[in-house]
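Have a look at start-v8.cif; it's mmCIF, C-alpha atoms:
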data_upload
loop_
_atom_site.label_atom_id
_atom_site.label_comp_id
_atom_site.auth_asym_id
_atom_site.auth_seq_id
_atom_site.Cartn_x
_atom_site.Cartn_y
_atom_site.Cartn_z
CA MET A 2 0.00 0.00 0.00
CA SER A 3 1.46 3.34 -1.01
CA ASP A 4 1.70 6.35 1.26
CA HIS A 5 -0.62 8.20 -1.09
CA ALA A 6 -3.27 5.51 -0.74
CA GLU A 7 -2.78 5.29 3.01
CA ASN A 8 -3.32 8.94 3.82
CA GLY A 9 -5.53 10.00 0.95
CA GLY A 10 -2.79 12.09 -0.58
CA TRP A 11 -3.32 10.84 -4.10
CA VAL A 12 -7.05 11.58 -3.84
CA THR A 13 -6.28 15.17 -2.91
CA ARG A 14 -3.67 15.45 -5.64
CA ARG A 15 -5.97 14.09 -8.34
CA THR A 16 -9.33 15.60 -7.28
CA GLY A 17 -8.50 18.61 -5.12
CA LEU A 18 -10.78 17.12 -2.43
CA VAL A 19 -9.31 16.42 0.99
CA PRO A 20 -10.48 13.20 2.70
CA SER A 21 -10.78 13.57 6.45
CA ALA A 22 -8.15 11.84 8.54
CA ALA A 23 -9.10 9.52 11.37
CA PRO A 24 -8.25 10.89 14.84
CA ARG A 25 -4.79 9.95 16.06
CA THR A 26 -6.07 9.39 19.59
CA ARG A 27 -8.84 7.00 20.57
CA SER A 28 -11.48 7.27 23.26
CA SER A 29 -12.13 3.54 23.66
CA ALA A 30 -9.82 0.64 24.39
CA LYS A 31 -12.05 -1.56 22.22
CA SER A 32 -12.47 -1.81 18.47
CA VAL A 33 -14.96 -3.58 16.20
CA LEU A 34 -13.07 -2.72 13.00
CA ARG A 35 -10.20 -4.59 11.36
CA GLU A 36 -8.41 -1.41 10.42
CA ASP A 37 -5.02 -2.98 9.77
CA THR A 38 -6.42 -5.24 7.04
CA ARG A 39 -8.58 -2.73 5.19
CA PRO A 40 -8.19 -3.12 1.44
CA THR A 41 -7.31 -0.19 -0.79
CA ALA A 42 -8.33 0.19 -4.42
CA PRO A 43 -5.53 0.97 -6.88
CA GLU A 44 -5.02 4.53 -8.02
CA PRO A 45 -6.82 5.46 -11.25
CA ASP A 46 -4.86 5.73 -14.46
CA ASP A 47 -3.27 9.08 -15.20
CA ASP A 48 -5.70 9.66 -18.07
CA VAL A 49 -8.74 9.62 -15.75
CA ARG A 50 -10.27 13.10 -15.51
CA PHE A 51 -12.76 14.47 -13.00
CA THR A 52 -15.49 16.93 -13.99
CA ARG A 53 -16.77 19.74 -11.79
CA ARG A 54 -20.13 18.01 -11.56
CA GLY A 55 -18.46 14.75 -10.61
CA LEU A 56 -16.37 16.38 -7.92
CA SER A 57 -19.56 17.70 -6.33
CA ALA A 58 -20.54 14.07 -5.63
CA GLY A 59 -17.24 13.40 -3.89
CA HIS A 60 -17.56 16.64 -1.93
CA HIS A 61 -21.09 15.68 -0.88
CA LEU A 62 -19.76 12.55 0.82
CA ILE A 63 -17.32 14.62 2.88
CA ALA A 64 -20.00 17.21 3.71
CA VAL A 65 -22.43 14.58 5.02
CA HIS A 66 -19.68 13.04 7.10
CA ASP A 67 -18.90 16.48 8.52
CA HIS A 68 -22.53 16.73 9.60
CA TYR A 69 -22.33 13.47 11.50
CA ARG A 70 -18.99 14.34 13.02
CA ALA A 71 -20.68 17.45 14.41
CA GLU A 72 -23.50 15.31 15.78
CA LEU A 73 -21.01 13.03 17.49
CA ALA A 74 -19.47 16.05 19.17
CA LYS A 75 -22.96 17.00 20.33
CA VAL A 76 -23.53 13.53 21.76
CA ARG A 77 -20.33 13.74 23.75
CA GLN A 78 -21.37 17.16 25.02
CA ILE A 79 -24.75 15.77 26.07
CA LEU A 80 -23.03 12.93 27.91
CA ARG A 81 -20.78 15.36 29.74
CA ARG A 82 -23.85 17.33 30.81
CA VAL A 83 -25.54 14.20 32.12
CA THR A 84 -22.52 13.02 34.10
CA SER A 85 -22.13 16.45 35.62
CA GLY A 86 -25.81 16.63 36.53
CA GLU A 87 -26.65 19.51 34.19
CA THR A 88 -29.41 17.64 32.33
CA GLY A 89 -31.75 14.74 33.02
CA ILE A 90 -31.22 11.20 31.79
CA GLY A 91 -34.61 11.07 30.08
CA ALA A 92 -33.86 14.14 28.02
CA ALA A 93 -30.41 12.86 27.17
CA ARG A 94 -31.74 9.50 26.05
CA GLY A 95 -34.18 11.24 23.73
CA GLU A 96 -31.39 13.29 22.17
CA LEU A 97 -29.02 10.35 21.87
CA ASN A 98 -31.68 8.10 20.36
CA TRP A 99 -32.38 10.82 17.80
CA LEU A 100 -28.72 10.67 16.82
CA THR A 101 -28.83 6.87 16.72
CA ILE A 102 -31.72 6.98 14.27
CA ARG A 103 -30.01 9.57 12.11
CA THR A 104 -26.66 7.82 12.16
CA THR A 105 -28.24 4.45 11.37
CA ASN A 106 -29.86 6.18 8.45
CA TRP A 107 -26.37 7.27 7.28
CA THR A 108 -24.68 3.92 7.73
CA LEU A 109 -27.47 2.04 5.98
CA HIS A 110 -28.26 4.46 3.23
CA GLY A 111 -25.12 6.49 2.68
CA ALA A 112 -24.73 10.10 1.75
CA CYS A 113 -26.60 9.87 -1.50
CA GLN A 114 -30.18 10.59 -0.37
CA ALA A 115 -30.01 14.19 -1.57
CA GLN A 116 -28.72 13.18 -5.00
CA CYS A 117 -30.31 9.76 -5.51
CA VAL A 118 -33.98 10.59 -5.05
CA SER A 119 -35.08 7.02 -5.67
CA LEU A 120 -33.22 5.82 -2.59
CA THR A 121 -35.64 5.10 0.26
CA GLN A 122 -35.22 4.60 3.98
CA HIS A 123 -34.83 0.88 3.49
CA HIS A 124 -31.51 -0.80 4.11
CA GLY A 125 -31.75 -3.02 1.06
CA MET A 126 -32.01 -0.03 -1.24
CA GLU A 127 -28.40 0.92 -0.62
CA THR A 128 -26.99 -2.55 -1.01
CA SER A 129 -29.05 -3.14 -4.15
CA GLN A 130 -28.26 0.18 -5.87
CA ILE A 131 -25.21 2.19 -4.81
CA PHE A 132 -22.56 -0.41 -4.16
CA PRO A 133 -23.58 -2.55 -7.14
CA HIS A 134 -23.39 0.59 -9.28
CA LEU A 135 -19.84 1.24 -8.09
CA ARG A 136 -18.94 -2.43 -8.56
CA ARG A 137 -20.13 -2.33 -12.16
CA SER A 138 -18.44 0.99 -12.81
CA GLN A 139 -15.11 0.15 -11.19
CA ARG A 140 -14.39 -3.53 -10.67
CA ASP A 141 -11.29 -2.94 -8.60
CA LEU A 142 -13.49 -1.52 -5.82
CA ALA A 143 -14.99 -4.91 -4.95
CA ALA A 144 -12.82 -5.62 -1.91
CA VAL A 145 -13.30 -2.09 -0.57
CA LEU A 146 -17.08 -2.27 -0.98
CA ASP A 147 -17.15 -5.64 0.74
CA ARG A 148 -15.25 -4.20 3.70
CA LEU A 149 -17.45 -1.09 3.88
CA THR A 150 -20.54 -3.30 3.93
CA GLU A 151 -19.00 -5.36 6.72
CA GLU A 152 -18.24 -2.19 8.68
CA HIS A 153 -21.83 -0.96 8.24
CA HIS A 154 -22.99 -4.10 10.05
CA SER A 155 -20.40 -3.55 12.77
CA ILE A 156 -21.55 0.05 13.21
CA HIS A 157 -25.15 -1.07 13.52
CA THR A 158 -24.10 -3.40 16.34
CA VAL A 159 -22.30 -0.52 18.07
CA LEU A 160 -25.43 1.62 17.77
CA GLU A 161 -27.48 -1.14 19.38
CA GLY A 162 -24.93 -1.10 22.18
CA VAL A 163 -25.50 2.62 22.68
CA ASP A 164 -29.22 2.08 23.03
CA ALA A 165 -28.71 -0.82 25.46
CA ALA A 166 -26.41 1.38 27.54
CA LEU A 167 -29.07 4.10 27.59
CA VAL A 168 -31.63 1.60 28.86
CA HIS A 169 -29.16 0.54 31.55
CA LEU A 170 -28.60 4.16 32.54
CA ALA A 171 -32.34 4.75 32.82
CA GLY A 172 -32.52 1.81 35.22
CA ASP A 173 -29.45 2.85 37.18
CA PRO A 174 -28.99 6.63 36.94
CA THR A 175 -25.75 6.48 38.94
CA ASP A 176 -23.88 4.11 36.62
CA PHE A 177 -22.40 6.09 33.74
CA GLY A 178 -19.79 3.48 32.85
CA PRO A 179 -21.66 1.57 30.12
CA ILE A 180 -22.95 4.65 28.29
CA THR A 181 -19.55 6.33 28.42
CA GLU A 182 -17.90 3.21 27.00
CA ALA A 183 -20.60 2.85 24.34
CA VAL A 184 -20.33 6.45 23.16
CA ASP A 185 -16.54 6.27 23.15
CA LEU A 186 -16.70 3.14 20.97
CA LEU A 187 -19.28 4.76 18.69
CA THR A 188 -17.08 7.80 18.27
CA ASP A 189 -13.96 5.83 17.41
CA THR A 190 -15.82 3.49 15.08
CA LEU A 191 -17.64 6.13 13.07
CA LEU A 192 -14.73 8.53 12.76
CA SER A 193 -12.45 5.73 11.57
CA HIS A 194 -15.08 4.41 9.16
CA PHE A 195 -15.82 7.86 7.74
CA ALA A 196 -12.14 8.49 7.11
CA TYR A 197 -11.70 5.13 5.38
CA GLU A 198 -14.82 5.58 3.27
CA GLU A 199 -13.75 9.05 2.17
CA ARG A 200 -10.26 7.85 1.30
CA GLU A 201 -11.62 5.07 -0.87
CA LEU A 202 -14.87 6.46 -2.31
CA VAL A 203 -14.33 10.18 -2.88
CA ALA A 204 -12.59 9.54 -6.20
CA PRO A 205 -14.91 6.74 -7.41
CA LEU A 206 -18.00 8.78 -6.59
CA SER A 207 -16.44 11.76 -8.37
CA ARG A 208 -15.97 9.54 -11.44
CA HIS A 209 -19.18 7.51 -11.40
CA GLY A 210 -21.69 9.29 -9.18
CA PHE A 211 -24.04 7.69 -6.70
CA PHE A 212 -26.25 6.03 -9.31
CA PRO A 213 -26.23 5.23 -13.03
CA GLY A 214 -26.72 8.25 -15.24
CA GLN A 215 -26.01 10.82 -12.53
CA LEU A 216 -22.81 12.04 -14.24
#

Can you give me the file's structure in the form of structure tokens?
Amino acid sequence: MSDHAENGGWVTRRTGLVPSAAPRTRSSAKSVLREDTRPTAPEPDDDVRFTRRGLSAGHHLIAVHDHYRAELAKVRQILRRVTSGETGIGAARGELNWLTIRTTNWTLHGACQAQCVSLTQHHGMETSQIFPHLRRSQRDLAAVLDRLTEEHHSIHTVLEGVDAALVHLAGDPTDFGPITEAVDLLTDTLLSHFAYEERELVAPLSRHGFFPGQL
């Protein structure tokens, strides 16, 4: 794996878009991702060109991720308020569950809702449309798409863990350990996944779009 592929440098060089880097420090001692074995697609040939319209698709992926990164920061702020006694557990659970719903929506449907109007809120719609489109358009993405799909399932499990921890906290308002651990793991998992997905899909989405005929 080249340094350019590892840090997204070649993506920036070829597209002008800057994939977000995963945080260097972690909040959780656990991990549900096999980060050290993540596949990387080969760099595109030098004759591949990106249009302005195509680059907007790649930029959209980063922008949606930025939105969820901001929501994660909000979740951590909510948790700090709960542990310090500034807000009630019931209110916090409502806010955190709202994020869980929204983030599940992202992990299952991707960033393409605004541009792929036919995509619904159903999990199967993503797996039956977007990834197959990218597989057909760029065969060397297969291993990356397989790993991203695997990570989506892992993220869903982490989100279920957040909700279970919230239920535990409602039953024992003095025990903040499980929810703190769950939110820390959610933060690490999503930020790492977002960075990997941007590194690998910004360029393909800029070339092929989110669905056939978009570009």

Please put the answer as lines of an AutoDock Vina configuration file: centre and edge lengths, in Å with one decimal, of a box along x, y and z that encloses all listed atoms of range 29-33 of chain A plus 5 Å on each side.
center_x = -12.4
center_y = 0.0
center_z = 20.3
size_x = 15.1
size_y = 17.1
size_z = 18.2

- request: Please provide the set of residues having any atom within 7 Å of Thr16 in chain A, restricted to only C-alpha atoms, with same-chain residues fewer than 2 positions apart removed, written as a ChimeraX atom specification.
  value: /A:12-14,18,51,204

task: Write out as a ChimeraX atom specification the residues lying within 7 Å of range 136-147 of chain A, counting all atoms listed in the file and excluding same-chain residues fewer than 3 positions away.
output: /A:40-42,132-133,150-151,209

Next, write the just-selected residues to a file, as a PDB file, in the frame of the given file, keeping C-alpha atoms as the atom set.
ATOM      1  CA  PRO A  40      -8.190  -3.120   1.440  1.00  0.00           C
ATOM      2  CA  THR A  41      -7.310  -0.190  -0.790  1.00  0.00           C
ATOM      3  CA  ALA A  42      -8.330   0.190  -4.420  1.00  0.00           C
ATOM      4  CA  PHE A 132     -22.560  -0.410  -4.160  1.00  0.00           C
ATOM      5  CA  PRO A 133     -23.580  -2.550  -7.140  1.00  0.00           C
ATOM      6  CA  THR A 150     -20.540  -3.300   3.930  1.00  0.00           C
ATOM      7  CA  GLU A 151     -19.000  -5.360   6.720  1.00  0.00           C
ATOM      8  CA  HIS A 209     -19.180   7.510 -11.400  1.00  0.00           C
TER       9      HIS A 209
END

query: Taking all atoms listed in the file into account, which of A:Pro213, A:Gly10, A:Arg15, A:His194 comes nearest Gln130 in chain A?
result: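 Answer, going by the shortest atom-to-atom distance: A:Pro213.
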
statement: As a check of understanding: the span from CA of Ile156 in chain A to CA of Leu206 in chain A is 21.9 Å

field: Result set, the PyMOL selection byres ((chain A and resi 180-187) around 7) on current file, as a list in words
entry: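 Taken on the displayed file, the PyMOL selection byres ((chain A and resi 180-187) around 7) yields the residues Ser28, Ser29, Lys31, Ser32, Val159, Leu160, Gly162, Val163, Ala166, Leu167, Phe177, Gly178, Pro179, Thr188, Asp189, Thr190 and Leu191 of chain A.
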
task: Quote the spacing between CA of His68 in chain A and CA of Pro205 in chain A in Å to one decimal place.
output: 21.1 Å

- line: In Å and to one decimal, CA of Pro43 in chain A is distant from CA of Trp11 in chain A by 10.5 Å

- prompt: Hey, what comes out of the PyMOL selection byres ((chain A and resi 56) around 9) on this file? Could you write it as a ChimeraX atom specification?
  reply: /A:16-18,51-55,57-61,203-204,206-208,210

message: Given the PyMOL selection byres ((chain A and resi 37) around 12) and the file above, list the residues it selects as a PyMOL selection string.
response: chain A and resi 2+7+32-36+38-41+148+193+197

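Shortest atom-to-atom contact with Ala71 in chain A among A:Glu44, A:His153, A:Leu192, A:Thr158: A:Leu192, counting all atoms listed in the file.
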
task: Using all atoms listed in the file, find the one residue out of A:Pro45, A:Ser85, A:Leu216, A:Val76 that sits nearest to Thr175 in chain A.
output: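 Among the listed residues, the smallest separation from Thr175 in chain A belongs to A:Ser85.
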
task: Between A:Leu135, A:Leu170, A:Ala196, A:Leu202, single out the one closest to Pro24 in chain A, counting all atoms listed in the file.
output: A:Ala196
